[in-house]
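For reference, the structure discussed in these notes is given below.
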Amino acid sequence: MTDPLLPGGAIGANPSFFDLVRHARPEALPEALVAPGDLRLPHGTTVLGLKFDEGVIMAGDRRATSGNLVADAKIRKVFAADERSAIAIAGAAGQAIEIVKLFQLELEHYEKITGDRLSLEGKANRLAQMIRGNLPAAMQGLVVVPLFGGFDDRRGEGRIFYYDATGGRWEEDDYQTTGSGGLPAKNSLKKRWRPGLGRAEAIRIAVEALIDASEDDTATGGPDASRGIFPNVVSVTTDGAQDVPEADVAAAVEAVLQEHSA
């Protein structure tokens, strides 16, 4: 069978944008440009996802670190992947953001070429393939380990997927975390999460988990109201993937801090 991306192949026969770029412009793909060693690159730290009664909440702190330094105090770590899904990044920040952009284009390209949208399971599998393609860079220290979540129209519920650096993919039934503060964040979710959470309570629980992580992990940034730094939160429901307004996140932060100080 003729490869549609090789000379003589039918143009547009392959709906994968990733494959198109890999064949036509491989230099445009994210790749490790330096050997491992003393170069310190910004790393994203703690992100999490949890289910609630209408879908999923994805959230992340705002700090990126470079060794023992704060490289960026306001980095964005949670993005809408398309109308029905979101991706949260941890690991080498530059490499992770490039993979997010490529993944967003991949989903858009697939929909334009086929006239249909990938299932949530298909999106999760495609992201796993892209992470697997990043393995050579990961072996050089540019590890990217995201969380992926969305609303599954076929099942009528939110779903969360997590990965390892080799592209291994698993599904989580309730909640999941990754990054340097993943363990304290997960311990916090373990205490607070329950089935059937409402949206407001789910946001508050996500924010509390990130605050708890920041108290145990120096690479995780806590909220700073004086500088307007609050967690980045995205909700995915039947209404689509939407950024939670900063005012709602700030209110959740204030409620958690008041409870902690009581």
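By order in the structure tokens, chains are A, B, ...; within a chain, residues start at 1; ligands start at 1, following the order shown.
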Problem - Test item: residues at most 9 Å from A:Leu105, only C-alpha atoms, excluding those fewer than 6 positions along its chain, as a PyMOL selection string - result: chain A and resi 17-18+81
Practice task
Apply DSSP to the backbone of this structure and, from stretch 47-240 of chain A, keep only the residues in strand (DSSP E); write these as a ChimeraX atom specification.
Solution key: /A:47-52,55-60,64-66,69-72,78-82,85-88,91-92,147-152,157-163,169-172,175-178,232-237,240
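Using only C-alpha atoms, the nearest neighbour of A:Ala252 within the list A:Glu121, A:Glu208, A:Asp216, A:Asp152 is A:Glu208.
Among A:Phe79, A:Pro26, A:Asp53, A:Ser226, the residue with the shortest atom-to-atom distance to A:Ala202, counting only C-alpha atoms, is A:Asp53.
By chain and then residue number, the residues within 9 Å of A:Lys186 are Leu48, Tyr175, Gln176, Thr177, Thr178, Gly181, Lys191, Ala209 and Ala213 of chain A, counting only C-alpha atoms and disregarding those fewer than 5 positions away in sequence.
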Handout entry: Every residue of stretch 67-197 of chain A that DSSP places in helix (DSSP H, G or I), as a ChimeraX atom specification
Key = /A:93-114,120-133,135-139,182-192
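Candidate residues A:Asp248, A:Asp239, A:Asp19, A:Glu172 were compared for distance to A:Ser85, and the nearest is A:Asp239, using only C-alpha atoms.
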Exercise for the section: Find the residues near A:Ser119: any atom within 9 Å, counting only C-alpha atoms, skip ones fewer than 4 places away on the same chain, and give them as an MDAnalysis selection string. Expected result: chainID A and resid 123:124 152:154
